[in-house]
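**Q** For reference, the structure I am asking about is given below.
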Amino acid sequence: MTAQPWTRPADCTALILSGGGARAAYQVGVLSAIAELLPDHSQNPFPIICGTSAGAINAVALATNASDFNAGVERMREVWGGFRCNQVYRTDWPGLVAQAWRWTRVNLLGLGRAQPTSLLDSRPLRQLLGNLLQFGKIDEALMMGQLRAVSVSAFNYQAAESVCFYQGHQRIEPWNRHRRIGIQTPLTLDHLVASAAIPLLFEPVLLDCNWYGDGAVRQRTPISPALHLGANRVLVIGVSDNPVNEPATSRPGRRRTPPPPSLAQIGGHLLNSTFVDNLEADMEQIERMNRLTALMPHASGISGKGIRPVEVLTISPSEPLDLIASRHRKALPAGLKLFLRGSGVTRASGGSVVSYLLFEAEYCNELIALGRRDALAKRDALQRFLGLVCPIQNN
C-alpha cells in the first residue's frame with residue numbers, strides 16, 4: 001500500500017494560535033493530530049502562522065521546523081510533555097521572595113529607580129527559548145516557499161495598541177487601524193518574550209524604545225493579522241476556558257451569602273477576559289460578515305476590494321480547563337504554593353489562574369491528550385479544510 005504525496009491547496013490557509021500560558025499545551029495536542037493525518041516528513045501545511053502570547057512560542061517553533069512539520073510537532077510535544085514551572089519562571093523560595101520584595105519596593109514603596117517589575121521572574125523562559133529556537137530557520141523557510149509569513153502579536157504599553165510583528169520573504173503591505181498596527185521585521189527572541197509577558201506576572205520587554213507586554217491585551221481582532229497577511233481560510237486553535245457552572249447549594253427558602261471572591265478568582269476572570277473573550281467575539285464577527293457576503297454576491301468584485309468570505313474552522317477544548325487544572329494543582333512547586341496561598345490559588349476556586357501558570361508535565365500532558373482527541377473527533381472536517389489528498393492504493 002502506498003500513499004500519494006500531499007500537495008498544498010491553492011487557497012492560502014492560516015493557523016491561529018491564541019494565548020493562554022500553560023493552556024497552550026492543548027495546541028500541541030491538536031497539532032499532533034494534524035501531523036498524524038499528514039504523510040511522514042510533510043512540509044508545513046500552513047503558509048501563514050500567527051501566534052499570540054504562549055501561542056506565539058508555538059507559532060515560531062512551527063515556523064523554524066517548516067521543512068518537516070511532523071518532526072517539528074514531535075519536538076514541541078517533547079518540550080511541553082516534559083515541562084516544569086522552573087523552566088518558565090523561578091519557583092525556588094529565595095527567588096520568589098526576592099522578586100516579591102523587588103515588586104513591593106518599586107511599586108508600593110516607590111523606592112529605587114524606575115524599572116519594569118513583575119510578580120514572577122521569567123528569565124528562565126528567555127533562556128529556554130534562546131536554547132531551543134533557531135530564528136534563522138524562519139528566513140530559510142520563507143525563501144524555500146515553505147512559509148508566506150509568520151507573526152507574533154504584542155501590546156505596546158506606551159501607545160496602548162496591539163502590534164503585530166510579522167516576517168515574510170516578500171514585501172507585505174503593513175496596516176494601521178485603530179489601536180492595532182502591523183510591522184514587518186525579522187522576528188527575534190525579544191519579540192517572542194514580549195508577546196508572552198503576561199501583565200503583572202511577567203516583566204514587559206523593551207523593543208525599539210517602547211515597552212511591550214502580552215499580545216492578548218487589547219487584541220480585539222485576533223484573526224485580523226492572518227487576513228492582512230493574505231489568508232482566506234483560517235484554522236483557529238482556541239484555549240477557551242469553558243467554565244463549569246456550579247449548581248446552587250443554598251437551601252430552599254433560605255438565601256445564603258456566598259463567600260467574597262478570592263484574589264485568584266478575580267485574577268482568573270481578568271485572564272479569561274484577556275485571552276479568551278476577544279477571540280470568541282472576533283469569530284462571531286467573521287461569521288456575521290460571511291453571512292453578509294452571501295447576501296452580496298457581487299461585493300467582492302468591486303475594484304477587487306470588496307467583502308470576501310473567510311472560511312474558519314475552530315478546534316477548542318471539549319472539557320473545562322479550569323477543572324483539569326484544579327485536579328493537578330498539587331503539582332505546583334511547594335514554594336509557589338506557599339507564595340500564592342493567600343490569594344486562593346491553592347483552592348478549587350483558583351483553578352482558572354492555575355490553568356495559566358501550571359507548566360508541569362502532568363497537566364500539560366493531559367491537555368496534549370485532550371487536544372489530540374478533540375482534533376481527531378473532527379478528522380473529516382480537518383481533512384476537508386486542509387485539502388489533504390492522500391488516497392490509499394492497493395499494489
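Every chain in the C-alpha cells takes a letter, A first, then B, and so on in the order presented; its residues are numbered from 1, and the ligands are numbered from 1 following the presented order.
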Using only C-alpha atoms, determine which residues lie at most 7 Å from A:Gly19, disregarding the query and same-chain residues fewer than 4 positions distant; provide the list as a PyMOL selection string.

**A** chain A and resi 24+52-55+216+275

**Q** Kindly save the residues from that selection, with N, CA and C atoms included, as a compact mmCIF listing (two decimals), in the first residue's frame.

**A**
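Everything below was put into result_34.txt:
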# COMPACT_ATOMS: atom_id res chain seq x y z
N ALA A 24 -1.57 26.57 26.41
CA ALA A 24 -1.12 26.38 25.03
C ALA A 24 -0.64 24.95 24.78
N THR A 52 -0.02 34.38 19.44
CA THR A 52 -0.12 35.40 20.47
C THR A 52 0.22 34.78 21.81
N SER A 53 1.05 35.48 22.61
CA SER A 53 1.42 35.01 23.93
C SER A 53 2.09 33.63 23.84
N ALA A 54 1.64 32.66 24.64
CA ALA A 54 2.23 31.33 24.54
C ALA A 54 2.00 30.72 23.18
N GLY A 55 0.92 31.11 22.51
CA GLY A 55 0.68 30.65 21.15
C GLY A 55 1.74 31.14 20.19
N ALA A 216 -2.10 39.44 23.93
CA ALA A 216 -3.55 39.27 24.05
C ALA A 216 -4.23 40.50 24.63
N PHE A 275 -7.51 36.63 27.40
CA PHE A 275 -7.06 35.59 26.48
C PHE A 275 -8.17 34.92 25.69

**Q** Under the rule of at most 10 Å, produce a per-residue listing of stretch 62-96 of chain A near stretch 129-135 of chain A: chain, number, name, the closest pair of atoms, and the distance in Å, as CSV, using only C-alpha atoms.

**A**
residue,atom,partner,partner_atom,distance
A:Leu62,CA,A:Leu133,CA,10.0
A:Ala63,CA,A:Phe135,CA,8.8
A:Thr64,CA,A:Gln134,CA,6.5
A:Asn65,CA,A:Gln134,CA,9.3
A:Arg75,CA,A:Leu132,CA,9.8
A:Met76,CA,A:Leu132,CA,10.0
A:Val79,CA,A:Leu132,CA,9.3
A:Gln87,CA,A:Leu129,CA,9.8
A:Val88,CA,A:Leu129,CA,9.5

**Q** Please, which residues of stretch 118-173 of chain A, numbered as in this document, come out strand (DSSP E) from DSSP, as a CSV table (one decimal) with C-alpha atoms, in the first residue's frame?

**A**
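New file result.csv:
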chain,number,residue,atom,x,y,z
A,149,ALA,CA,4.6,34.8,6.7
A,150,VAL,CA,4.8,34.2,10.4
A,151,SER,CA,3.6,36.7,13.0
A,152,VAL,CA,3.6,37.3,16.8
A,153,SER,CA,1.5,40.0,18.5
A,154,ALA,CA,2.5,42.1,21.4
A,155,PHE,CA,1.0,45.1,23.3
A,156,ASN,CA,2.7,48.5,23.2
A,161,GLU,CA,-2.1,49.5,20.9
A,162,SER,CA,-1.8,45.9,19.6
A,163,VAL,CA,1.2,45.4,17.4
A,164,CYS,CA,1.6,42.5,15.0
A,165,PHE,CA,5.3,41.9,14.2
A,166,TYR,CA,5.4,39.7,11.1
A,167,GLN,CA,8.2,38.3,8.9
A,168,GLY,CA,7.8,37.5,5.3

**Q** For A:Ser42, which residue among A:Ala369, A:Gln146, A:Thr104, A:Thr91 is the nearest when counting only C-alpha atoms?

**A**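 Going through A:Ala369, A:Gln146, A:Thr104, A:Thr91 one by one, the smallest distance to A:Ser42 is for A:Gln146.
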
**Q** Fewer than 6 positions away in the same chain doesn't count, so skip those; otherwise give me all residues within 10 Å of stretch 231-239 of chain A, counting only C-alpha atoms, as a PDB file with C-alpha atoms, in the first residue's frame.

**A**
ATOM      1  CA  ASP A  11      -6.120  28.641  -1.161  1.00  0.00           C
ATOM      2  CA  CYS A  12      -3.985  30.403   1.434  1.00  0.00           C
ATOM      3  CA  THR A  13      -4.578  28.806   4.824  1.00  0.00           C
ATOM      4  CA  ALA A  14      -3.570  30.394   8.116  1.00  0.00           C
ATOM      5  CA  LEU A  15      -3.098  28.875  11.541  1.00  0.00           C
ATOM      6  CA  ILE A  16      -4.136  30.992  14.540  1.00  0.00           C
ATOM      7  CA  LEU A  17      -2.601  30.049  17.884  1.00  0.00           C
ATOM      8  CA  SER A  18      -4.099  32.078  20.710  1.00  0.00           C
ATOM      9  CA  GLY A  19      -2.531  32.879  24.056  1.00  0.00           C
ATOM     10  CA  GLY A  20      -3.098  31.308  27.415  1.00  0.00           C
ATOM     11  CA  GLY A  21       0.082  30.425  29.298  1.00  0.00           C
ATOM     12  CA  ALA A  22       0.246  26.724  30.094  1.00  0.00           C
ATOM     13  CA  ARG A  23      -3.070  26.219  28.299  1.00  0.00           C
ATOM     14  CA  ALA A  24      -1.119  26.376  25.032  1.00  0.00           C
ATOM     15  CA  ALA A  25      -0.163  22.740  25.629  1.00  0.00           C
ATOM     16  CA  TYR A  26      -3.619  21.975  24.221  1.00  0.00           C
ATOM     17  CA  GLN A  27      -2.474  23.385  20.873  1.00  0.00           C
ATOM     18  CA  VAL A  28       0.359  20.868  20.735  1.00  0.00           C
ATOM     19  CA  VAL A  30      -4.202  19.422  18.117  1.00  0.00           C
ATOM     20  CA  LEU A  31      -1.057  19.835  16.016  1.00  0.00           C
ATOM     21  CA  PHE A  46       0.031  26.439   6.881  1.00  0.00           C
ATOM     22  CA  PRO A  47       1.536  29.176   4.670  1.00  0.00           C
ATOM     23  CA  ILE A  48       0.632  31.741   7.335  1.00  0.00           C
ATOM     24  CA  ILE A  49       1.160  31.153  11.052  1.00  0.00           C
ATOM     25  CA  CYS A  50       0.010  33.722  13.622  1.00  0.00           C
ATOM     26  CA  GLY A  55       0.681  30.648  21.150  1.00  0.00           C
ATOM     27  CA  ARG A 148       4.420  33.023   3.337  1.00  0.00           C
ATOM     28  CA  PRO A 222      -7.069  38.205  16.921  1.00  0.00           C
ATOM     29  CA  ILE A 223      -7.848  36.803  13.465  1.00  0.00           C
ATOM     30  CA  SER A 224      -7.233  40.036  11.538  1.00  0.00           C
ATOM     31  CA  PRO A 225      -3.404  39.651  11.262  1.00  0.00           C
ATOM     32  CA  ASN A 272     -10.022  34.868  30.749  1.00  0.00           C
ATOM     33  CA  PHE A 275      -7.059  35.595  26.484  1.00  0.00           C
ATOM     34  CA  VAL A 276     -10.454  34.162  25.576  1.00  0.00           C
ATOM     35  CA  LEU A 279     -11.055  35.586  20.116  1.00  0.00           C
ATOM     36  CA  GLU A 280     -14.599  34.308  20.516  1.00  0.00           C
ATOM     37  CA  MET A 283     -15.033  34.668  15.351  1.00  0.00           C
ATOM     38  CA  ARG A 308     -14.629  38.495   0.921  1.00  0.00           C
ATOM     39  CA  PRO A 309     -15.733  35.357   2.749  1.00  0.00           C
ATOM     40  CA  VAL A 310     -13.324  33.707   5.170  1.00  0.00           C
ATOM     41  CA  GLU A 311     -13.612  30.002   5.849  1.00  0.00           C
ATOM     42  CA  VAL A 312     -12.993  29.320   9.528  1.00  0.00           C
ATOM     43  CA  LEU A 313     -12.535  26.011  11.333  1.00  0.00           C
ATOM     44  CA  THR A 314     -12.213  26.087  15.096  1.00  0.00           C
ATOM     45  CA  ILE A 315     -10.913  23.452  17.476  1.00  0.00           C
ATOM     46  CA  SER A 316     -11.249  24.236  21.164  1.00  0.00           C
ATOM     47  CA  PRO A 317     -11.268  22.232  24.414  1.00  0.00           C
ATOM     48  CA  SER A 318     -14.219  19.928  24.932  1.00  0.00           C
ATOM     49  CA  PRO A 320     -13.223  22.663  31.191  1.00  0.00           C
ATOM     50  CA  LEU A 321      -9.542  23.570  31.535  1.00  0.00           C
ATOM     51  CA  GLY A 371      -6.195  18.413  22.129  1.00  0.00           C
ATOM     52  CA  ALA A 375      -8.838  17.238  16.733  1.00  0.00           C
ATOM     53  CA  LEU A 382      -9.838  18.803   9.175  1.00  0.00           C
ATOM     54  CA  PHE A 385     -10.371  22.009   5.354  1.00  0.00           C
ATOM     55  CA  LEU A 386      -6.688  21.363   4.690  1.00  0.00           C
TER      56      LEU A 386
END

**Q** Quick one: DSSP alpha helix (DSSP H) residues in stretch 24-273 of chain A, as a PyMOL selection string?

**A** chain A and resi 25-37+54-63+69-81+93-107+123-132+136-143+189-195+224-228+263-272
